[in-house]
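First the structure, in the form of structure tokens, and then the observations on it.
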Amino acid sequence: MVKLLFFGRLSDYANGVPTQIQASTAAEIRQQLVTEHPLLATELSEPQVLVAVNKQIVDWQQALQDGDEVAFLPPVTGG
Amino acid sequence: MKSTIRIQPEDFDISEQYQLLRDLTKGIGAVVTFTGLVREFEPSGDQPSAIDSLSIQHYSGMTEERLSQIVDRAAARWNLLGVTIIHRIGELLPSEQIVFVGVASQHRNDGFMAAQFIMDYLKTQATFWKQISQNGRSCWVDSKVSDAQALKRWNLPEDKDL
């Protein structure tokens with residue numbers, strides 16, 4: 001199982017999304033959300049959305065390990 | 001080079017932060033500070049319109065790491081003696097302080113350049129997200145093309161950038 005986190009506008013679509021999921025890549029997580037959370041899955045398909053595993057930006061295809069923290073990050077707007 | 005990075009809901013006192021930088025070590029010849037504030041008006045459609053509040057979310061742990069990398073990059077490029085970054089989170093009201101960047105150096109150019117560099121990187125690389133409440137509605141702030149362009153002037157490889 002991996003832990004899921006959604007930030008910024010993505011957090012608006014994450015109501016009812018499980019906080020943990022079984023998946024081998026972030027791309028697979030997005031695919032799993034299509035049926036029950038289509039709006040979130042659409043937002044995740046935006047090219048600017050990045051994925052971080054254990055707080056490091058990684059490729060959507062990177063293999064996930066049990067216990068990883070997977071965060072989905074829209075473009076940042078701090079400062 | 002001593003750096004301080006703080007992410008907090010509480011406000012900060014820039015005179016206190018300035019003094020802390022000034023007292024950090026001997027040999028300081030310049031202290032450059034920047035403070036970012038919540039604008040009271042933001043565009044809403046075609047017209048600027050008063051905002052009710054600004055809410056700032058961040059990714060705890062990753063934000064601190066990112067800011068620390070930004071400071072390391074600045075310190076590798078300019079001769080710095082001290083850096084302080086403070087960024088507030090949570091609910092902020094119009095004209096409140098959001099962010100502070102202070103740089104102590106021997107000479108002014110290092111301080112000016114590093115402060116700009118740090119702000120440009122913070123804007124585009126640190127994991128903060130702003131939500132504006134305006135006319136009774138809240139919406140997430142879009143990232144700005146001008147911020148991404150500002151980053152380009154530093155000519156650094158954009159590996160794993162946000």
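Letters A, B, ... go to the chains of the structure tokens in the order shown; residues in each chain start at 1; ligands are counted from 1 in the same order.
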
### Message
With only C-alpha atoms as the counted atoms, please give the residues lying no more than 9 Å from A:His37, apart from itself and same-chain residues fewer than 5 positions off, as a list in words.
### Response
Tyr13, Ala14, Gly16, Val17, Gln32 and Thr42 of chain A

### Query
Skipping near chain neighbours, those fewer than 3 positions away, what residues fall within 10 Å of B:Phe41 using only C-alpha atoms, listed as an MDAnalysis selection string?
chainID B and resid 38 44 47:52 94:95 134

With C-alpha atoms kept, could you save the residues just selected as a CSV table (one decimal), in the first residue's frame?
```csv
chain,number,residue,atom,x,y,z
B,38,VAL,CA,-1.0,40.1,0.7
B,44,SER,CA,-11.5,39.4,-10.8
B,47,GLN,CA,-11.7,44.6,-12.9
B,48,PRO,CA,-9.5,44.6,-9.8
B,49,SER,CA,-11.6,43.6,-6.8
B,50,ALA,CA,-10.9,43.6,-3.0
B,51,ILE,CA,-10.0,40.3,-1.6
B,52,ASP,CA,-11.4,38.9,1.7
B,94,PRO,CA,-5.2,41.8,3.1
B,95,SER,CA,-1.9,43.7,3.6
B,134,GLN,CA,-12.9,37.2,-3.1
```

### Task
For chain B, work out the contacting residues on chain A at 9 Å, counting only C-alpha atoms, and write them as a list of chain:residue names.
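Residues of chain A within 9 Å of chain B, counting only C-alpha atoms: A:Phe7, A:Gly8, A:Arg9, A:Gln48, A:Val49, A:Leu50, A:Asn54, A:Lys55, A:Gln56, A:Ile57, A:Val58, A:Ala71, A:Leu73, A:Pro74, A:Pro75, A:Val76, A:Thr77, A:Gly78, A:Gly79.
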
Can I get the selection written as a PDB file, in the first residue's frame, with N, CA and C atoms?
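And here's selection_28.pdb as it stands now:
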```pdb
ATOM      1  N   PHE A   7      -2.551  18.132  -3.352  1.00  0.00           N
ATOM      2  CA  PHE A   7      -2.382  19.518  -2.917  1.00  0.00           C
ATOM      3  C   PHE A   7      -3.044  20.505  -3.871  1.00  0.00           C
ATOM      4  N   GLY A   8      -3.180  21.760  -3.385  1.00  0.00           N
ATOM      5  CA  GLY A   8      -3.741  22.839  -4.191  1.00  0.00           C
ATOM      6  C   GLY A   8      -5.128  22.467  -4.697  1.00  0.00           C
ATOM      7  N   ARG A   9      -5.395  22.821  -5.963  1.00  0.00           N
ATOM      8  CA  ARG A   9      -6.739  22.589  -6.505  1.00  0.00           C
ATOM      9  C   ARG A   9      -7.091  21.107  -6.513  1.00  0.00           C
ATOM     10  N   GLN A  48       0.937  19.842 -16.279  1.00  0.00           N
ATOM     11  CA  GLN A  48       1.736  20.556 -15.267  1.00  0.00           C
ATOM     12  C   GLN A  48       1.746  19.841 -13.918  1.00  0.00           C
ATOM     13  N   VAL A  49       0.863  18.858 -13.738  1.00  0.00           N
ATOM     14  CA  VAL A  49       0.801  18.183 -12.442  1.00  0.00           C
ATOM     15  C   VAL A  49       2.000  17.235 -12.298  1.00  0.00           C
ATOM     16  N   LEU A  50       2.736  17.413 -11.193  1.00  0.00           N
ATOM     17  CA  LEU A  50       3.918  16.582 -10.951  1.00  0.00           C
ATOM     18  C   LEU A  50       3.634  15.614  -9.812  1.00  0.00           C
ATOM     19  N   ASN A  54       7.918  10.219  -1.659  1.00  0.00           N
ATOM     20  CA  ASN A  54       8.722  10.515  -0.460  1.00  0.00           C
ATOM     21  C   ASN A  54       9.407  11.874  -0.589  1.00  0.00           C
ATOM     22  N   LYS A  55       8.649  12.845  -1.104  1.00  0.00           N
ATOM     23  CA  LYS A  55       9.050  14.262  -1.186  1.00  0.00           C
ATOM     24  C   LYS A  55      10.109  14.559  -2.249  1.00  0.00           C
ATOM     25  N   GLN A  56      10.322  13.611  -3.174  1.00  0.00           N
ATOM     26  CA  GLN A  56      11.216  13.859  -4.312  1.00  0.00           C
ATOM     27  C   GLN A  56      10.383  13.769  -5.594  1.00  0.00           C
ATOM     28  N   ILE A  57      10.582  14.751  -6.508  1.00  0.00           N
ATOM     29  CA  ILE A  57       9.885  14.700  -7.790  1.00  0.00           C
ATOM     30  C   ILE A  57      10.394  13.499  -8.590  1.00  0.00           C
ATOM     31  N   VAL A  58       9.464  12.694  -9.076  1.00  0.00           N
ATOM     32  CA  VAL A  58       9.853  11.499  -9.845  1.00  0.00           C
ATOM     33  C   VAL A  58       8.995  11.401 -11.105  1.00  0.00           C
ATOM     34  N   ALA A  71       2.670  12.037  -3.565  1.00  0.00           N
ATOM     35  CA  ALA A  71       1.966  13.322  -3.523  1.00  0.00           C
ATOM     36  C   ALA A  71       1.790  13.857  -4.936  1.00  0.00           C
ATOM     37  N   LEU A  73       1.138  17.165  -7.197  1.00  0.00           N
ATOM     38  CA  LEU A  73       1.413  18.586  -7.000  1.00  0.00           C
ATOM     39  C   LEU A  73       1.046  19.405  -8.238  1.00  0.00           C
ATOM     40  N   PRO A  74       0.037  20.273  -8.135  1.00  0.00           N
ATOM     41  CA  PRO A  74      -0.202  21.224  -9.225  1.00  0.00           C
ATOM     42  C   PRO A  74       0.869  22.309  -9.171  1.00  0.00           C
ATOM     43  N   PRO A  75       0.964  23.178 -10.196  1.00  0.00           N
ATOM     44  CA  PRO A  75       1.976  24.232 -10.165  1.00  0.00           C
ATOM     45  C   PRO A  75       1.899  25.037  -8.864  1.00  0.00           C
ATOM     46  N   VAL A  76       3.070  25.349  -8.303  1.00  0.00           N
ATOM     47  CA  VAL A  76       3.112  26.008  -6.992  1.00  0.00           C
ATOM     48  C   VAL A  76       2.880  27.517  -7.142  1.00  0.00           C
ATOM     49  N   THR A  77       2.382  28.142  -6.079  1.00  0.00           N
ATOM     50  CA  THR A  77       2.025  29.574  -6.140  1.00  0.00           C
ATOM     51  C   THR A  77       2.350  30.300  -4.834  1.00  0.00           C
ATOM     52  N   GLY A  78       3.509  29.960  -4.247  1.00  0.00           N
ATOM     53  CA  GLY A  78       3.867  30.613  -2.985  1.00  0.00           C
ATOM     54  C   GLY A  78       4.495  31.983  -3.187  1.00  0.00           C
ATOM     55  N   GLY A  79       5.000  32.538  -2.108  1.00  0.00           N
ATOM     56  CA  GLY A  79       5.729  33.798  -2.154  1.00  0.00           C
ATOM     57  C   GLY A  79       4.849  35.005  -2.043  1.00  0.00           C
TER      58      GLY A  79
END
```

### Message
Taking 3 positions as the minimum chain separation for residues in the same chain, which residues sit within 7 Å of B:Val103 when counting only C-alpha atoms? Answer as a PyMOL selection string.
### Response
chain B and resi 31-33+82-84+111+115

Would you output that residue set with all heavy atoms, as a PDB file, in the first residue's frame?
```pdb
ATOM      1  N   VAL B  31      23.063  44.001   4.336  1.00  0.00           N
ATOM      2  CA  VAL B  31      21.910  43.128   4.611  1.00  0.00           C
ATOM      3  C   VAL B  31      20.803  43.553   3.659  1.00  0.00           C
ATOM      4  O   VAL B  31      20.368  44.713   3.680  1.00  0.00           O
ATOM      5  CB  VAL B  31      21.417  43.242   6.069  1.00  0.00           C
ATOM      6  CG1 VAL B  31      20.181  42.375   6.283  1.00  0.00           C
ATOM      7  CG2 VAL B  31      22.513  42.852   7.048  1.00  0.00           C
ATOM      8  N   VAL B  32      20.384  42.633   2.794  1.00  0.00           N
ATOM      9  CA  VAL B  32      19.278  42.905   1.869  1.00  0.00           C
ATOM     10  C   VAL B  32      18.063  42.135   2.367  1.00  0.00           C
ATOM     11  O   VAL B  32      18.167  40.948   2.667  1.00  0.00           O
ATOM     12  CB  VAL B  32      19.624  42.439   0.432  1.00  0.00           C
ATOM     13  CG1 VAL B  32      18.403  42.519  -0.469  1.00  0.00           C
ATOM     14  CG2 VAL B  32      20.754  43.293  -0.136  1.00  0.00           C
ATOM     15  N   THR B  33      16.920  42.831   2.474  1.00  0.00           N
ATOM     16  CA  THR B  33      15.711  42.125   2.901  1.00  0.00           C
ATOM     17  C   THR B  33      14.578  42.358   1.906  1.00  0.00           C
ATOM     18  O   THR B  33      14.493  43.409   1.272  1.00  0.00           O
ATOM     19  CB  THR B  33      15.228  42.571   4.298  1.00  0.00           C
ATOM     20  OG1 THR B  33      14.746  43.911   4.220  1.00  0.00           O
ATOM     21  CG2 THR B  33      16.316  42.475   5.335  1.00  0.00           C
ATOM     22  N   GLY B  82      24.822  34.938   5.635  1.00  0.00           N
ATOM     23  CA  GLY B  82      23.625  34.457   6.324  1.00  0.00           C
ATOM     24  C   GLY B  82      22.388  34.603   5.451  1.00  0.00           C
ATOM     25  O   GLY B  82      22.312  35.530   4.645  1.00  0.00           O
ATOM     26  N   VAL B  83      21.462  33.668   5.590  1.00  0.00           N
ATOM     27  CA  VAL B  83      20.194  33.740   4.847  1.00  0.00           C
ATOM     28  C   VAL B  83      19.050  33.371   5.788  1.00  0.00           C
ATOM     29  O   VAL B  83      19.156  32.395   6.545  1.00  0.00           O
ATOM     30  CB  VAL B  83      20.171  32.766   3.642  1.00  0.00           C
ATOM     31  CG1 VAL B  83      18.794  32.759   2.972  1.00  0.00           C
ATOM     32  CG2 VAL B  83      21.243  33.127   2.614  1.00  0.00           C
ATOM     33  N   THR B  84      17.994  34.152   5.750  1.00  0.00           N
ATOM     34  CA  THR B  84      16.774  33.815   6.499  1.00  0.00           C
ATOM     35  C   THR B  84      15.592  33.803   5.529  1.00  0.00           C
ATOM     36  O   THR B  84      15.427  34.736   4.747  1.00  0.00           O
ATOM     37  CB  THR B  84      16.494  34.856   7.602  1.00  0.00           C
ATOM     38  OG1 THR B  84      17.609  34.888   8.483  1.00  0.00           O
ATOM     39  CG2 THR B  84      15.230  34.505   8.389  1.00  0.00           C
ATOM     40  N   GLY B 111      24.232  40.202  -1.975  1.00  0.00           N
ATOM     41  CA  GLY B 111      22.956  40.222  -1.255  1.00  0.00           C
ATOM     42  C   GLY B 111      21.786  40.484  -2.180  1.00  0.00           C
ATOM     43  O   GLY B 111      20.772  39.770  -2.143  1.00  0.00           O
ATOM     44  N   ALA B 115      19.048  37.547  -2.993  1.00  0.00           N
ATOM     45  CA  ALA B 115      17.669  37.740  -2.530  1.00  0.00           C
ATOM     46  C   ALA B 115      16.694  37.561  -3.699  1.00  0.00           C
ATOM     47  O   ALA B 115      15.646  36.918  -3.560  1.00  0.00           O
ATOM     48  CB  ALA B 115      17.505  39.115  -1.893  1.00  0.00           C
TER      49      ALA B 115
END
```

### Task
Please give the complete set of residues from stretch 45-106 of chain B that DSSP, run on the backbone, assigns to strand (DSSP E), formatted as a PyMOL selection string.
chain B and resi 47-58+80-88+90-92+97-105

### DSSP-assigned alpha helix (DSSP H) among stretch 13-98 of chain B, expressed as JSON, numbers by chain
{"B": [14, 15, 16, 17, 18, 19, 20, 21, 22, 62, 63, 64, 65, 66, 67, 68, 69, 70, 71, 72, 73, 74, 75, 76, 77]}

Restricting the output to N, CA, C and O atoms, write the selected residues as an mmCIF file, in the first residue's frame.
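Here's the written file result-v6.cif:
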```cif
data_model
loop_
_atom_site.group_PDB
_atom_site.id
_atom_site.type_symbol
_atom_site.label_atom_id
_atom_site.label_comp_id
_atom_site.auth_asym_id
_atom_site.auth_seq_id
_atom_site.Cartn_x
_atom_site.Cartn_y
_atom_site.Cartn_z
ATOM 1 N N ILE B 14 10.151 42.259 10.960
ATOM 2 C CA ILE B 14 11.325 42.365 10.077
ATOM 3 C C ILE B 14 12.495 43.089 10.748
ATOM 4 O O ILE B 14 13.637 42.813 10.427
ATOM 5 N N SER B 15 12.213 43.969 11.706
ATOM 6 C CA SER B 15 13.339 44.640 12.373
ATOM 7 C C SER B 15 14.108 43.631 13.230
ATOM 8 O O SER B 15 15.338 43.664 13.308
ATOM 9 N N GLU B 16 13.365 42.701 13.819
ATOM 10 C CA GLU B 16 14.007 41.646 14.618
ATOM 11 C C GLU B 16 14.833 40.723 13.701
ATOM 12 O O GLU B 16 15.967 40.352 14.031
ATOM 13 N N GLN B 17 14.259 40.370 12.554
ATOM 14 C CA GLN B 17 14.966 39.496 11.616
ATOM 15 C C GLN B 17 16.218 40.171 11.065
ATOM 16 O O GLN B 17 17.258 39.536 10.891
ATOM 17 N N TYR B 18 16.098 41.458 10.782
ATOM 18 C CA TYR B 18 17.244 42.232 10.294
ATOM 19 C C TYR B 18 18.360 42.226 11.334
ATOM 20 O O TYR B 18 19.529 41.981 11.030
ATOM 21 N N GLN B 19 17.977 42.467 12.591
ATOM 22 C CA GLN B 19 18.967 42.517 13.675
ATOM 23 C C GLN B 19 19.650 41.160 13.852
ATOM 24 O O GLN B 19 20.864 41.101 14.066
ATOM 25 N N LEU B 20 18.883 40.087 13.754
ATOM 26 C CA LEU B 20 19.460 38.740 13.891
ATOM 27 C C LEU B 20 20.505 38.491 12.799
ATOM 28 O O LEU B 20 21.576 37.942 13.062
ATOM 29 N N LEU B 21 20.196 38.914 11.579
ATOM 30 C CA LEU B 21 21.148 38.744 10.472
ATOM 31 C C LEU B 21 22.389 39.604 10.702
ATOM 32 O O LEU B 21 23.511 39.170 10.483
ATOM 33 N N ARG B 22 22.146 40.820 11.150
ATOM 34 C CA ARG B 22 23.230 41.772 11.368
ATOM 35 C C ARG B 22 24.201 41.277 12.432
ATOM 36 O O ARG B 22 25.414 41.492 12.340
ATOM 37 N N MET B 62 8.481 18.602 2.522
ATOM 38 C CA MET B 62 9.033 18.862 1.193
ATOM 39 C C MET B 62 9.370 20.346 1.023
ATOM 40 O O MET B 62 10.391 20.695 0.438
ATOM 41 N N THR B 63 8.506 21.217 1.568
ATOM 42 C CA THR B 63 8.754 22.656 1.441
ATOM 43 C C THR B 63 10.089 23.032 2.083
ATOM 44 O O THR B 63 10.892 23.757 1.493
ATOM 45 N N GLU B 64 10.333 22.519 3.278
ATOM 46 C CA GLU B 64 11.582 22.825 3.991
ATOM 47 C C GLU B 64 12.785 22.336 3.180
ATOM 48 O O GLU B 64 13.801 23.031 3.065
ATOM 49 N N GLU B 65 12.655 21.115 2.607
ATOM 50 C CA GLU B 65 13.746 20.567 1.795
ATOM 51 C C GLU B 65 14.022 21.436 0.580
ATOM 52 O O GLU B 65 15.172 21.714 0.235
ATOM 53 N N ARG B 66 12.929 21.841 -0.077
ATOM 54 C CA ARG B 66 13.062 22.670 -1.277
ATOM 55 C C ARG B 66 13.730 24.003 -0.956
ATOM 56 O O ARG B 66 14.617 24.450 -1.668
ATOM 57 N N LEU B 67 13.285 24.644 0.126
ATOM 58 C CA LEU B 67 13.851 25.949 0.494
ATOM 59 C C LEU B 67 15.325 25.803 0.851
ATOM 60 O O LEU B 67 16.153 26.642 0.497
ATOM 61 N N SER B 68 15.650 24.703 1.502
ATOM 62 C CA SER B 68 17.032 24.468 1.881
ATOM 63 C C SER B 68 17.902 24.268 0.626
ATOM 64 O O SER B 68 19.032 24.765 0.549
ATOM 65 N N GLN B 69 17.369 23.586 -0.384
ATOM 66 C CA GLN B 69 18.110 23.420 -1.655
ATOM 67 C C GLN B 69 18.311 24.771 -2.344
ATOM 68 O O GLN B 69 19.365 25.030 -2.935
ATOM 69 N N ILE B 70 17.282 25.618 -2.272
ATOM 70 C CA ILE B 70 17.369 26.943 -2.905
ATOM 71 C C ILE B 70 18.480 27.760 -2.234
ATOM 72 O O ILE B 70 19.295 28.395 -2.904
ATOM 73 N N VAL B 71 18.516 27.710 -0.901
ATOM 74 C CA VAL B 71 19.559 28.438 -0.166
ATOM 75 C C VAL B 71 20.946 27.890 -0.528
ATOM 76 O O VAL B 71 21.888 28.653 -0.764
ATOM 77 N N ASP B 72 21.062 26.560 -0.631
ATOM 78 C CA ASP B 72 22.355 25.957 -1.006
ATOM 79 C C ASP B 72 22.803 26.435 -2.381
ATOM 80 O O ASP B 72 23.982 26.729 -2.594
ATOM 81 N N ARG B 73 21.866 26.490 -3.312
ATOM 82 C CA ARG B 73 22.208 26.946 -4.668
ATOM 83 C C ARG B 73 22.678 28.398 -4.652
ATOM 84 O O ARG B 73 23.622 28.750 -5.343
ATOM 85 N N ALA B 74 21.987 29.221 -3.863
ATOM 86 C CA ALA B 74 22.371 30.636 -3.772
ATOM 87 C C ALA B 74 23.765 30.764 -3.147
ATOM 88 O O ALA B 74 24.600 31.538 -3.625
ATOM 89 N N ALA B 75 24.007 29.965 -2.102
ATOM 90 C CA ALA B 75 25.292 30.054 -1.397
ATOM 91 C C ALA B 75 26.443 29.555 -2.263
ATOM 92 O O ALA B 75 27.589 29.968 -2.087
ATOM 93 N N ALA B 76 26.121 28.649 -3.212
ATOM 94 C CA ALA B 76 27.162 28.147 -4.110
ATOM 95 C C ALA B 76 27.517 29.197 -5.161
ATOM 96 O O ALA B 76 28.582 29.161 -5.757
ATOM 97 N N ARG B 77 26.596 30.121 -5.385
ATOM 98 C CA ARG B 77 26.770 31.078 -6.476
ATOM 99 C C ARG B 77 27.299 32.442 -6.018
ATOM 100 O O ARG B 77 28.008 33.105 -6.758
#
```

### Query
Between atom CA of A:Pro38 and atom CA of A:Met1, what is the spacing in Å?
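Taking atom CA of A:Met1 and atom CA of A:Pro38, their separation equals 21.5 Å.
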